There are 2 protein chains.
Amino acid sequence: MSQKRIAIFGSTGSIGTQALEVIASNPDLFSAEILTAQTNDTLLIKQALQFQPNMVVIGDEKKYPIVKEALAGTHTKVFAGEEALEEVASLDCYDMMLAAIVGYAGLKPTLCAIEIGKPIALANKETLVVAGDIIMRKAMEKRIAIIPVDSEHSAIFQCLVGEGRNKIEKIILTASGGPFLGKKPNFLVNVKKDHALQHPNWSMGAKITIDSATLMNKGLEMIEAKWLFNLQHDQIQVVVHPQSIIHSMVQFEDGSIKAQMGLPDMKLPIQYAMAFPNRIANPFPRYDFKRPETLSFEEPDTKTFRNLALAMEALRRGGNMPCILNAANEIAVYAFLRNRIGFLDMTEVVEQTMAKIAFIEQPTLEEYFETDGEARNFAASLIHM
Amino acid sequence: MSQKRIAIFGSTGSIGTQALEVIASNPDLFSAEILTAQTNDTLLIKQALQFQPNMVVIGDEKKYPIVKEALAGTHTKVFAGEEALEEVASLDCYDMMLAAIVGYAGLKPTLCAIEIGKPIALANKETLVVAGDIIMRKAMEKRIAIIPVDSEHSAIFQCLVGEGRNKIEKIILTASGGPFLGKKPNFLVNVKKDHALQHPNWSMGAKITIDSATLMNKGLEMIEAKWLFNLQHDQIQVVVHPQSIIHSMVQFEDGSIKAQMGLPDMKLPIQYAMAFPNRIANPFPRYDFKRPETLSFEEPDTKTFRNLALAMEALRRGGNMPCILNAANEIAVYAFLRNRIGFLDMTEVVEQTMAKIAFIEQPTLEEYFETDGEARNFAASLIHM
């Protein structure tokens with residue numbers, strides 16, 4: 001296996017930093033060719049000095065001089081700004097993009113990578129939530145693999161290797177239930193940011209941790225799964241599994257179920273996606289079936305965690321509805337993280353935005369961009385009221 | 001997929017009859033080309049009239065006239081006796097052998113099928129326990145697939161499709177624990193045949209049901225797994241999982257675990273082996289994660305269920321030791337089924353036979369046959385004392 005040159009878009013986030021740990025542990029297999037960050041210049045500089053990428057991009061143009069200055073005398077080229085992300089993604093100098101930019105901002109660079117035929121390790125679920133039909137069609141045209149990094153989708157992807165196509169009866173996405181499993185609205189109404197940021201099992205970024213607490217994350221994952229695995233909405237089931245040991249499952253048309261399991265550790269699916277179709281031996285801790293723990297399962301409470309019901313509705317309706325859902329949710333989550341709205345208000349923002357923005361059954365990419373902008377503006381207007 | 005002609009060796013047993021149900025449900029995919037039975041002439045005749053095989057063999061030669069008479073006027077040819085089993089297995093008139101004869105008697109016909117290059121759906125674990133090295137070497141020479149039918153090994157086989165070779169860190173065989181899970185020797189000493197024949201989860205033949213109650217079955221499965229999947233003895237772990245929903249697991253060298261799950265139903269692995277590499281849609285009941293059931297795991301109690309410890313020792317020592325173990329166990333189980341010895345006596349018979357018969361590190365096939373005979377004679381002499 002020759003050295004794979006990885007372009008990490010979003011290298012300073014939770015996924016990006018763990019991907020760099022994988023690269024550091026496997027220098028014969030991987031190199032960091034491109035690193036990008038939105039605002040964290042300090043960490044980007046530190047990473048660049050350690051991994052000596054060919055290029056770095058800092059999204060926030062105001063920070064360009066700081067990064068440029070710090071990397072003077074190295075061979076690393078420095079770029080800045082949103083457009084530079086797309087330009088660098090379009091360069092034929094890397095072997096795989098790890099798409100780890102959080103939220104909608106990850107969409108355009110990912111499209112550029114697909115356009116030039118680069119395989120994608122996809123950690124940005126919003127890309128598929130917003131424009132899954134277009135992304136998957138382009139990936140098929142270019143014959144490139146989109147390998148999921150989300151632990152649930154990686155689990156399903158792993159269960160599907162070697163299996164025939166069109167043999168999936170359904171997939172079963174497991175959900176930890178988040179920090180508020182079993183709680184009711186009268187509790188949730190008073191939840192504050194710091195509490196919502198405490199996930200019981202997984203260590204992740206702030207946006208996805210809040211989405212996990214509201215179960216919106218599982219809803220976005222359902223939509224992501226639809227596109228990744230070419231499923232109908234009724235082939236996707238969510239089961240709450242508080243121990244997070246079974247990462248997800250596939251039920252085949254003969255009734256056989258395959259599950260992928262392990263301790264919750266994002267490095268495993270990151271490494272799997274980067275090394276696919278190989279597996280890399282590692283010393284990560286193993287799950288031990290001898291410990292006295294039972295694995296339990298229950299139905300999600302979509303009456304309390306209404307974000308999941310809204311996402312299921314968006315999944316069922318299709319068109320630009322998931323794009324509306326995602327845009328409104330991003331605005332709502334960031335407003336919650338800034339203590340501007342309460343925990344349950346996030347659902348209100350999403351629901352009202354879904355009711356307001358015009359439904360388009362088969363949007364073009366431009367119409368997705370317009371929908372995203374309109375939904376964000378409307379969601380923001382609700383919060384500013 | 002053209003119609004696959006199946007030779008069912010052992011068609012009147014639990015596996016054989018379920019395989020015929022699969023054939024009856026999928027007449028476009030399968031036909032029954034050869035059916036064989038040891039003693040059950042009545043059922044063999046009924047099956048032959050329904051499935052119209054090319055040939056049948058009745059092992060018990062005294063019953064030849066009955067079967068011959070009953071099938072006069074049909075196109076089915078009738079043979080009788082042990083040698084006829086081998087002759088028919090050597091005929092190039094079928095596409096796959098389902099090796100479902102119980103115990104050591106299944107070995108020779110299976111070898112004949114491998115010799116003429118027929119893929120094997122292997123339901124007879126004793127074949128690999130007794131002479132796994134020779135069977136697997138011959139299968140490799142002839143480039144034929146040996147597809148396990150045992151639910152545990154089918155689970156592992158399913159988890160391995162599409163995975164690279166040599167990436168297995170260990171396999172985890174799940175064990176229901178049988179009807180006496182949690183019991184101690186002072187209880188087991190009084191166990192009678194009828195009680196031991198009540199398996200909590202699986203419907204199987206008498207021999208394997210007793211082996212499940214003593215945990216010898218899991219020990220034989222460890223030895224079978226070693227050969228099927230080319231493992232070292234310390235790569236095979238047994239975990240008690242009383243619900244029998246996870247049928248077994250593979251842990252890869254990156255720590256990722258894959259499990260195959262479902263309701264306990266032997267028809268599923270039978271169908272999988274017959275249709276491999278395809279899966280066949282079916283209306284079998286599905287496992288429902290919404291039911292309030294937890295999945296639990298614990299270490300096997302090898303101090304109480306000493307058969308498992310003896311099998312682990314045979315696995316570790318290799319050579320003809322598994323053959324000795326198996327021969328003594330067959331004698332012991334049949335003696336128990338005839339109320340000749342008690343439940344715990346079965347372990348004594350196996351242990352003493354293992355201590356008595358000469359160890360051979362790399363036996364020839366002839367030496368395996370000799371070992372089997374010597375071990376049976378010695379085990380029988382212990383019981384007759």
# chains A, B, ... in the order shown; residues from 1 in each chain; ligands from 1
$ interface_residues --of "chain B" --to "chain A" --cutoff "6 Å" --atoms "only C-alpha atoms" --output "PDB file with all heavy atoms, in the first residue's frame"
ATOM      1  N   VAL B 161     -17.253 -12.014   4.841  1.00  0.00           N
ATOM      2  CA  VAL B 161     -17.342 -11.744   3.403  1.00  0.00           C
ATOM      3  C   VAL B 161     -16.884 -10.302   3.151  1.00  0.00           C
ATOM      4  O   VAL B 161     -17.235  -9.391   3.894  1.00  0.00           O
ATOM      5  CB  VAL B 161     -18.749 -11.977   2.795  1.00  0.00           C
ATOM      6  CG1 VAL B 161     -19.140 -13.434   2.859  1.00  0.00           C
ATOM      7  CG2 VAL B 161     -19.794 -11.082   3.423  1.00  0.00           C
ATOM      8  N   GLY B 162     -16.069 -10.139   2.124  1.00  0.00           N
ATOM      9  CA  GLY B 162     -15.597  -8.810   1.760  1.00  0.00           C
ATOM     10  C   GLY B 162     -14.460  -8.285   2.613  1.00  0.00           C
ATOM     11  O   GLY B 162     -13.964  -7.184   2.363  1.00  0.00           O
ATOM     12  N   GLU B 253      -8.344  -6.757  13.354  1.00  0.00           N
ATOM     13  CA  GLU B 253      -7.122  -6.268  13.996  1.00  0.00           C
ATOM     14  C   GLU B 253      -7.144  -4.767  14.257  1.00  0.00           C
ATOM     15  O   GLU B 253      -6.257  -4.242  14.920  1.00  0.00           O
ATOM     16  CB  GLU B 253      -5.885  -6.663  13.181  1.00  0.00           C
ATOM     17  CG  GLU B 253      -5.872  -6.075  11.795  1.00  0.00           C
ATOM     18  CD  GLU B 253      -4.596  -6.412  11.033  1.00  0.00           C
ATOM     19  OE1 GLU B 253      -3.896  -7.359  11.422  1.00  0.00           O
ATOM     20  OE2 GLU B 253      -4.308  -5.709  10.051  1.00  0.00           O
ATOM     21  N   ASP B 254      -8.170  -4.083  13.761  1.00  0.00           N
ATOM     22  CA  ASP B 254      -8.316  -2.669  14.129  1.00  0.00           C
ATOM     23  C   ASP B 254      -9.249  -2.506  15.336  1.00  0.00           C
ATOM     24  O   ASP B 254      -9.541  -1.381  15.743  1.00  0.00           O
ATOM     25  CB  ASP B 254      -8.808  -1.831  12.941  1.00  0.00           C
ATOM     26  CG  ASP B 254     -10.158  -2.279  12.414  1.00  0.00           C
ATOM     27  OD1 ASP B 254     -10.714  -3.277  12.929  1.00  0.00           O
ATOM     28  OD2 ASP B 254     -10.670  -1.638  11.470  1.00  0.00           O
ATOM     29  N   GLY B 255      -9.729  -3.618  15.895  1.00  0.00           N
ATOM     30  CA  GLY B 255     -10.602  -3.550  17.069  1.00  0.00           C
ATOM     31  C   GLY B 255     -12.074  -3.547  16.714  1.00  0.00           C
ATOM     32  O   GLY B 255     -12.924  -3.713  17.585  1.00  0.00           O
ATOM     33  N   SER B 256     -12.398  -3.355  15.445  1.00  0.00           N
ATOM     34  CA  SER B 256     -13.800  -3.374  15.007  1.00  0.00           C
ATOM     35  C   SER B 256     -14.350  -4.794  15.130  1.00  0.00           C
ATOM     36  O   SER B 256     -13.689  -5.763  14.777  1.00  0.00           O
ATOM     37  CB  SER B 256     -13.877  -2.902  13.549  1.00  0.00           C
ATOM     38  OG  SER B 256     -15.199  -2.965  13.066  1.00  0.00           O
ATOM     39  N   ILE B 257     -15.564  -4.893  15.655  1.00  0.00           N
ATOM     40  CA  ILE B 257     -16.216  -6.187  15.830  1.00  0.00           C
ATOM     41  C   ILE B 257     -17.416  -6.256  14.892  1.00  0.00           C
ATOM     42  O   ILE B 257     -18.209  -5.315  14.835  1.00  0.00           O
ATOM     43  CB  ILE B 257     -16.688  -6.360  17.288  1.00  0.00           C
ATOM     44  CG1 ILE B 257     -15.495  -6.325  18.247  1.00  0.00           C
ATOM     45  CG2 ILE B 257     -17.490  -7.656  17.464  1.00  0.00           C
ATOM     46  CD1 ILE B 257     -15.884  -6.152  19.706  1.00  0.00           C
ATOM     47  N   LYS B 258     -17.541  -7.338  14.172  1.00  0.00           N
ATOM     48  CA  LYS B 258     -18.754  -7.563  13.390  1.00  0.00           C
ATOM     49  C   LYS B 258     -19.491  -8.761  13.965  1.00  0.00           C
ATOM     50  O   LYS B 258     -18.887  -9.777  14.307  1.00  0.00           O
ATOM     51  CB  LYS B 258     -18.440  -7.760  11.908  1.00  0.00           C
ATOM     52  CG  LYS B 258     -18.433  -6.437  11.148  1.00  0.00           C
ATOM     53  CD  LYS B 258     -17.674  -6.510   9.870  1.00  0.00           C
ATOM     54  CE  LYS B 258     -18.499  -6.954   8.698  1.00  0.00           C
ATOM     55  NZ  LYS B 258     -17.749  -6.717   7.423  1.00  0.00           N
ATOM     56  N   ALA B 259     -20.809  -8.610  14.071  1.00  0.00           N
ATOM     57  CA  ALA B 259     -21.654  -9.669  14.606  1.00  0.00           C
ATOM     58  C   ALA B 259     -22.734  -9.993  13.592  1.00  0.00           C
ATOM     59  O   ALA B 259     -23.179  -9.131  12.845  1.00  0.00           O
ATOM     60  CB  ALA B 259     -22.304  -9.211  15.912  1.00  0.00           C
ATOM     61  N   GLN B 260     -23.155 -11.256  13.585  1.00  0.00           N
ATOM     62  CA  GLN B 260     -24.333 -11.616  12.801  1.00  0.00           C
ATOM     63  C   GLN B 260     -25.399 -12.019  13.804  1.00  0.00           C
ATOM     64  O   GLN B 260     -25.125 -12.739  14.771  1.00  0.00           O
ATOM     65  CB  GLN B 260     -24.008 -12.744  11.818  1.00  0.00           C
ATOM     66  CG  GLN B 260     -25.133 -13.028  10.809  1.00  0.00           C
ATOM     67  CD  GLN B 260     -26.099 -14.081  11.305  1.00  0.00           C
ATOM     68  OE1 GLN B 260     -25.762 -14.888  12.153  1.00  0.00           O
ATOM     69  NE2 GLN B 260     -27.316 -14.069  10.790  1.00  0.00           N
ATOM     70  N   MET B 261     -26.618 -11.527  13.594  1.00  0.00           N
ATOM     71  CA  MET B 261     -27.681 -11.660  14.577  1.00  0.00           C
ATOM     72  C   MET B 261     -28.982 -12.086  13.921  1.00  0.00           C
ATOM     73  O   MET B 261     -29.151 -11.977  12.710  1.00  0.00           O
ATOM     74  CB  MET B 261     -27.915 -10.306  15.264  1.00  0.00           C
ATOM     75  CG  MET B 261     -26.665  -9.640  15.784  1.00  0.00           C
ATOM     76  SD  MET B 261     -26.900  -7.883  16.182  1.00  0.00           S
ATOM     77  CE  MET B 261     -27.843  -8.001  17.680  1.00  0.00           C
ATOM     78  N   GLY B 262     -29.916 -12.496  14.740  1.00  0.00           N
ATOM     79  CA  GLY B 262     -31.249 -12.827  14.264  1.00  0.00           C
ATOM     80  C   GLY B 262     -31.918 -13.765  15.251  1.00  0.00           C
ATOM     81  O   GLY B 262     -31.304 -14.194  16.234  1.00  0.00           O
ATOM     82  N   ILE B 280     -31.316 -15.069  -0.162  1.00  0.00           N
ATOM     83  CA  ILE B 280     -32.662 -15.284  -0.682  1.00  0.00           C
ATOM     84  C   ILE B 280     -33.661 -14.615   0.252  1.00  0.00           C
ATOM     85  O   ILE B 280     -33.658 -14.871   1.460  1.00  0.00           O
ATOM     86  CB  ILE B 280     -32.983 -16.791  -0.758  1.00  0.00           C
ATOM     87  CG1 ILE B 280     -31.936 -17.526  -1.590  1.00  0.00           C
ATOM     88  CG2 ILE B 280     -34.381 -17.002  -1.338  1.00  0.00           C
ATOM     89  CD1 ILE B 280     -32.114 -19.035  -1.552  1.00  0.00           C
ATOM     90  N   ALA B 281     -34.520 -13.788  -0.320  1.00  0.00           N
ATOM     91  CA  ALA B 281     -35.584 -13.169   0.469  1.00  0.00           C
ATOM     92  C   ALA B 281     -36.480 -14.262   1.033  1.00  0.00           C
ATOM     93  O   ALA B 281     -36.718 -15.286   0.377  1.00  0.00           O
ATOM     94  CB  ALA B 281     -36.401 -12.218  -0.409  1.00  0.00           C
ATOM     95  N   ASN B 282     -36.941 -14.089   2.244  1.00  0.00           N
ATOM     96  CA  ASN B 282     -37.815 -15.087   2.853  1.00  0.00           C
ATOM     97  C   ASN B 282     -38.748 -14.405   3.844  1.00  0.00           C
ATOM     98  O   ASN B 282     -38.520 -13.261   4.235  1.00  0.00           O
ATOM     99  CB  ASN B 282     -36.989 -16.183   3.542  1.00  0.00           C
ATOM    100  CG  ASN B 282     -36.169 -15.623   4.687  1.00  0.00           C
ATOM    101  OD1 ASN B 282     -36.644 -14.777   5.438  1.00  0.00           O
ATOM    102  ND2 ASN B 282     -34.949 -16.078   4.830  1.00  0.00           N
ATOM    103  N   ARG B 286     -38.712 -11.915  11.886  1.00  0.00           N
ATOM    104  CA  ARG B 286     -37.539 -11.073  12.120  1.00  0.00           C
ATOM    105  C   ARG B 286     -37.355 -10.795  13.601  1.00  0.00           C
ATOM    106  O   ARG B 286     -38.347 -10.716  14.333  1.00  0.00           O
ATOM    107  CB  ARG B 286     -37.725  -9.726  11.410  1.00  0.00           C
ATOM    108  CG  ARG B 286     -37.218  -9.605   9.983  1.00  0.00           C
ATOM    109  CD  ARG B 286     -37.490 -10.744   9.095  1.00  0.00           C
ATOM    110  NE  ARG B 286     -37.108 -10.472   7.708  1.00  0.00           N
ATOM    111  CZ  ARG B 286     -36.943 -11.388   6.778  1.00  0.00           C
ATOM    112  NH1 ARG B 286     -37.136 -12.671   7.064  1.00  0.00           N
ATOM    113  NH2 ARG B 286     -36.616 -11.057   5.558  1.00  0.00           N
ATOM    114  N   LYS B 290     -37.415  -3.620  19.166  1.00  0.00           N
ATOM    115  CA  LYS B 290     -38.320  -2.858  20.018  1.00  0.00           C
ATOM    116  C   LYS B 290     -38.805  -3.670  21.209  1.00  0.00           C
ATOM    117  O   LYS B 290     -39.360  -3.127  22.150  1.00  0.00           O
ATOM    118  CB  LYS B 290     -39.508  -2.348  19.188  1.00  0.00           C
ATOM    119  CG  LYS B 290     -39.106  -1.178  18.289  1.00  0.00           C
ATOM    120  CD  LYS B 290     -40.255  -0.660  17.475  1.00  0.00           C
ATOM    121  CE  LYS B 290     -40.612  -1.626  16.366  1.00  0.00           C
ATOM    122  NZ  LYS B 290     -41.577  -1.067  15.405  1.00  0.00           N
ATOM    123  N   THR B 294     -32.884  -7.455  26.910  1.00  0.00           N
ATOM    124  CA  THR B 294     -31.489  -7.053  26.876  1.00  0.00           C
ATOM    125  C   THR B 294     -30.647  -8.231  26.425  1.00  0.00           C
ATOM    126  O   THR B 294     -31.028  -9.391  26.586  1.00  0.00           O
ATOM    127  CB  THR B 294     -30.998  -6.573  28.251  1.00  0.00           C
ATOM    128  OG1 THR B 294     -31.159  -7.632  29.190  1.00  0.00           O
ATOM    129  CG2 THR B 294     -31.789  -5.360  28.722  1.00  0.00           C
ATOM    130  N   LEU B 295     -29.509  -7.917  25.840  1.00  0.00           N
ATOM    131  CA  LEU B 295     -28.562  -8.941  25.426  1.00  0.00           C
ATOM    132  C   LEU B 295     -27.455  -8.975  26.469  1.00  0.00           C
ATOM    133  O   LEU B 295     -26.844  -7.949  26.768  1.00  0.00           O
ATOM    134  CB  LEU B 295     -27.992  -8.606  24.045  1.00  0.00           C
ATOM    135  CG  LEU B 295     -29.029  -8.393  22.935  1.00  0.00           C
ATOM    136  CD1 LEU B 295     -28.328  -8.148  21.595  1.00  0.00           C
ATOM    137  CD2 LEU B 295     -29.981  -9.581  22.820  1.00  0.00           C
ATOM    138  N   SER B 296     -27.214 -10.154  27.028  1.00  0.00           N
ATOM    139  CA  SER B 296     -26.209 -10.238  28.084  1.00  0.00           C
ATOM    140  C   SER B 296     -25.129 -11.248  27.712  1.00  0.00           C
ATOM    141  O   SER B 296     -25.312 -12.093  26.827  1.00  0.00           O
ATOM    142  CB  SER B 296     -26.863 -10.605  29.415  1.00  0.00           C
ATOM    143  OG  SER B 296     -27.447 -11.885  29.327  1.00  0.00           O
ATOM    144  N   GLU B 298     -21.569 -13.467  29.447  1.00  0.00           N
ATOM    145  CA  GLU B 298     -20.786 -13.842  30.609  1.00  0.00           C
ATOM    146  C   GLU B 298     -19.770 -14.905  30.212  1.00  0.00           C
ATOM    147  O   GLU B 298     -19.874 -15.521  29.143  1.00  0.00           O
ATOM    148  CB  GLU B 298     -21.696 -14.373  31.731  1.00  0.00           C
ATOM    149  CG  GLU B 298     -22.525 -15.580  31.339  1.00  0.00           C
ATOM    150  CD  GLU B 298     -23.602 -15.913  32.378  1.00  0.00           C
ATOM    151  OE1 GLU B 298     -24.723 -15.390  32.276  1.00  0.00           O
ATOM    152  OE2 GLU B 298     -23.295 -16.715  33.269  1.00  0.00           O
ATOM    153  N   GLU B 299     -18.803 -15.113  31.080  1.00  0.00           N
ATOM    154  CA  GLU B 299     -17.800 -16.141  30.803  1.00  0.00           C
ATOM    155  C   GLU B 299     -18.391 -17.535  31.022  1.00  0.00           C
ATOM    156  O   GLU B 299     -19.182 -17.737  31.934  1.00  0.00           O
ATOM    157  CB  GLU B 299     -16.596 -15.960  31.724  1.00  0.00           C
ATOM    158  CG  GLU B 299     -15.647 -14.915  31.209  1.00  0.00           C
ATOM    159  CD  GLU B 299     -14.307 -15.010  31.911  1.00  0.00           C
ATOM    160  OE1 GLU B 299     -14.163 -14.407  32.983  1.00  0.00           O
ATOM    161  OE2 GLU B 299     -13.414 -15.693  31.381  1.00  0.00           O
TER     162      GLU B 299
END
$ residues_around --residues "Arg5 in chain A" --least-positions-apart "4" --cutoff "6 Å" --atoms "only C-alpha atoms" --output "list in words"
Phe30, Ser31, Ala32, Glu33, Tyr94 and Asp95 of chain A
$ atom_distance --atom1 "CA of Lys46 in chain B" --atom2 "CA of Thr12 in chain B"
10.0 Å
$ atom_distance --atom1 "CA of Thr17 in chain A" --atom2 "CA of Lys138 in chain A"
28.5 Å
$ closest_atom_pairs --of "range 123-181 of chain B" --to "range 193-214 of chain B" --cutoff "8 Å" --atoms "only C-alpha atoms" --output "tab-separated table"
residue	atom	partner	partner_atom	distance
B:Ser176	CA	B:Asn201	CA	7.6
B:Gly177	CA	B:Ala213	CA	7.3
B:Gly178	CA	B:Ala213	CA	4.8
B:Pro179	CA	B:His199	CA	5.5
B:Phe180	CA	B:Ala213	CA	6.4
$ select_by_dssp --residues "range 106-297 of chain B" --states "strand (DSSP E)" --output "MDAnalysis selection string"
chainID B and resid 120:122 146:148 168:175 236:240 246:252 257:261
$ residues_around --residues "Met266 in chain A" --least-positions-apart "6" --cutoff "10 Å" --atoms "only C-alpha atoms" --output "PyMOL selection string"
chain A and resi 14-15+18-19+149-151+202-204
$ atom_distance --atom1 "CA of Met55 in chain B" --atom2 "CA of Gly106 in chain B"
17.8 Å
$ select_by_dssp --residues "range 2-119 of chain B" --states "helix (DSSP H, G or I)" --output "PyMOL selection string"
chain B and resi 14-25+41-51+61-70+82-89+103-115
$ decode --residues "range 319-342 of chain A" --atoms "N, CA and C atoms" --output "PDB file, in the first residue's frame"
ATOM      1  N   GLY A 319     -37.070  16.263  -1.586  1.00  0.00           N
ATOM      2  CA  GLY A 319     -36.884  17.566  -2.205  1.00  0.00           C
ATOM      3  C   GLY A 319     -35.938  18.437  -1.396  1.00  0.00           C
ATOM      4  N   ASN A 320     -36.306  19.729  -1.245  1.00  0.00           N
ATOM      5  CA  ASN A 320     -35.430  20.626  -0.492  1.00  0.00           C
ATOM      6  C   ASN A 320     -35.757  20.643   1.001  1.00  0.00           C
ATOM      7  N   MET A 321     -36.657  19.746   1.453  1.00  0.00           N
ATOM      8  CA  MET A 321     -37.074  19.797   2.852  1.00  0.00           C
ATOM      9  C   MET A 321     -35.926  19.467   3.815  1.00  0.00           C
ATOM     10  N   PRO A 322     -35.104  18.451   3.546  1.00  0.00           N
ATOM     11  CA  PRO A 322     -33.951  18.236   4.428  1.00  0.00           C
ATOM     12  C   PRO A 322     -32.993  19.429   4.460  1.00  0.00           C
ATOM     13  N   CYS A 323     -32.856  20.124   3.321  1.00  0.00           N
ATOM     14  CA  CYS A 323     -32.006  21.314   3.269  1.00  0.00           C
ATOM     15  C   CYS A 323     -32.563  22.406   4.185  1.00  0.00           C
ATOM     16  N   ILE A 324     -33.886  22.588   4.170  1.00  0.00           N
ATOM     17  CA  ILE A 324     -34.545  23.570   5.048  1.00  0.00           C
ATOM     18  C   ILE A 324     -34.331  23.172   6.509  1.00  0.00           C
ATOM     19  N   LEU A 325     -34.585  21.895   6.786  1.00  0.00           N
ATOM     20  CA  LEU A 325     -34.401  21.378   8.143  1.00  0.00           C
ATOM     21  C   LEU A 325     -32.990  21.662   8.648  1.00  0.00           C
ATOM     22  N   ASN A 326     -32.018  21.343   7.824  1.00  0.00           N
ATOM     23  CA  ASN A 326     -30.623  21.487   8.233  1.00  0.00           C
ATOM     24  C   ASN A 326     -30.242  22.946   8.450  1.00  0.00           C
ATOM     25  N   ALA A 327     -30.665  23.816   7.540  1.00  0.00           N
ATOM     26  CA  ALA A 327     -30.315  25.238   7.662  1.00  0.00           C
ATOM     27  C   ALA A 327     -30.917  25.812   8.939  1.00  0.00           C
ATOM     28  N   ALA A 328     -32.192  25.557   9.154  1.00  0.00           N
ATOM     29  CA  ALA A 328     -32.852  26.082  10.348  1.00  0.00           C
ATOM     30  C   ALA A 328     -32.202  25.518  11.606  1.00  0.00           C
ATOM     31  N   ASN A 329     -31.824  24.245  11.548  1.00  0.00           N
ATOM     32  CA  ASN A 329     -31.208  23.623  12.715  1.00  0.00           C
ATOM     33  C   ASN A 329     -29.838  24.224  13.024  1.00  0.00           C
ATOM     34  N   GLU A 330     -29.059  24.481  11.983  1.00  0.00           N
ATOM     35  CA  GLU A 330     -27.745  25.097  12.238  1.00  0.00           C
ATOM     36  C   GLU A 330     -27.910  26.444  12.933  1.00  0.00           C
ATOM     37  N   ILE A 331     -28.843  27.264  12.435  1.00  0.00           N
ATOM     38  CA  ILE A 331     -29.089  28.571  13.062  1.00  0.00           C
ATOM     39  C   ILE A 331     -29.546  28.380  14.506  1.00  0.00           C
ATOM     40  N   ALA A 332     -30.448  27.431  14.701  1.00  0.00           N
ATOM     41  CA  ALA A 332     -31.006  27.218  16.040  1.00  0.00           C
ATOM     42  C   ALA A 332     -29.937  26.736  17.017  1.00  0.00           C
ATOM     43  N   VAL A 333     -29.103  25.791  16.571  1.00  0.00           N
ATOM     44  CA  VAL A 333     -28.074  25.251  17.472  1.00  0.00           C
ATOM     45  C   VAL A 333     -27.082  26.335  17.862  1.00  0.00           C
ATOM     46  N   TYR A 334     -26.654  27.141  16.889  1.00  0.00           N
ATOM     47  CA  TYR A 334     -25.687  28.184  17.233  1.00  0.00           C
ATOM     48  C   TYR A 334     -26.312  29.233  18.145  1.00  0.00           C
ATOM     49  N   ALA A 335     -27.600  29.483  17.947  1.00  0.00           N
ATOM     50  CA  ALA A 335     -28.299  30.419  18.853  1.00  0.00           C
ATOM     51  C   ALA A 335     -28.372  29.833  20.276  1.00  0.00           C
ATOM     52  N   PHE A 336     -28.627  28.534  20.349  1.00  0.00           N
ATOM     53  CA  PHE A 336     -28.646  27.886  21.670  1.00  0.00           C
ATOM     54  C   PHE A 336     -27.266  27.927  22.313  1.00  0.00           C
ATOM     55  N   LEU A 337     -26.238  27.669  21.518  1.00  0.00           N
ATOM     56  CA  LEU A 337     -24.870  27.690  22.053  1.00  0.00           C
ATOM     57  C   LEU A 337     -24.469  29.085  22.528  1.00  0.00           C
ATOM     58  N   ARG A 338     -25.125  30.118  21.964  1.00  0.00           N
ATOM     59  CA  ARG A 338     -24.853  31.496  22.428  1.00  0.00           C
ATOM     60  C   ARG A 338     -25.874  31.940  23.470  1.00  0.00           C
ATOM     61  N   ASN A 339     -26.613  30.964  24.013  1.00  0.00           N
ATOM     62  CA  ASN A 339     -27.610  31.259  25.058  1.00  0.00           C
ATOM     63  C   ASN A 339     -28.691  32.230  24.585  1.00  0.00           C
ATOM     64  N   ARG A 340     -28.961  32.228  23.283  1.00  0.00           N
ATOM     65  CA  ARG A 340     -29.976  33.140  22.761  1.00  0.00           C
ATOM     66  C   ARG A 340     -31.376  32.531  22.840  1.00  0.00           C
ATOM     67  N   ILE A 341     -31.449  31.187  22.736  1.00  0.00           N
ATOM     68  CA  ILE A 341     -32.754  30.514  22.806  1.00  0.00           C
ATOM     69  C   ILE A 341     -32.628  29.279  23.698  1.00  0.00           C
ATOM     70  N   GLY A 342     -33.769  28.760  24.127  1.00  0.00           N
ATOM     71  CA  GLY A 342     -33.786  27.597  25.002  1.00  0.00           C
ATOM     72  C   GLY A 342     -33.718  26.307  24.215  1.00  0.00           C
TER      73      GLY A 342
END
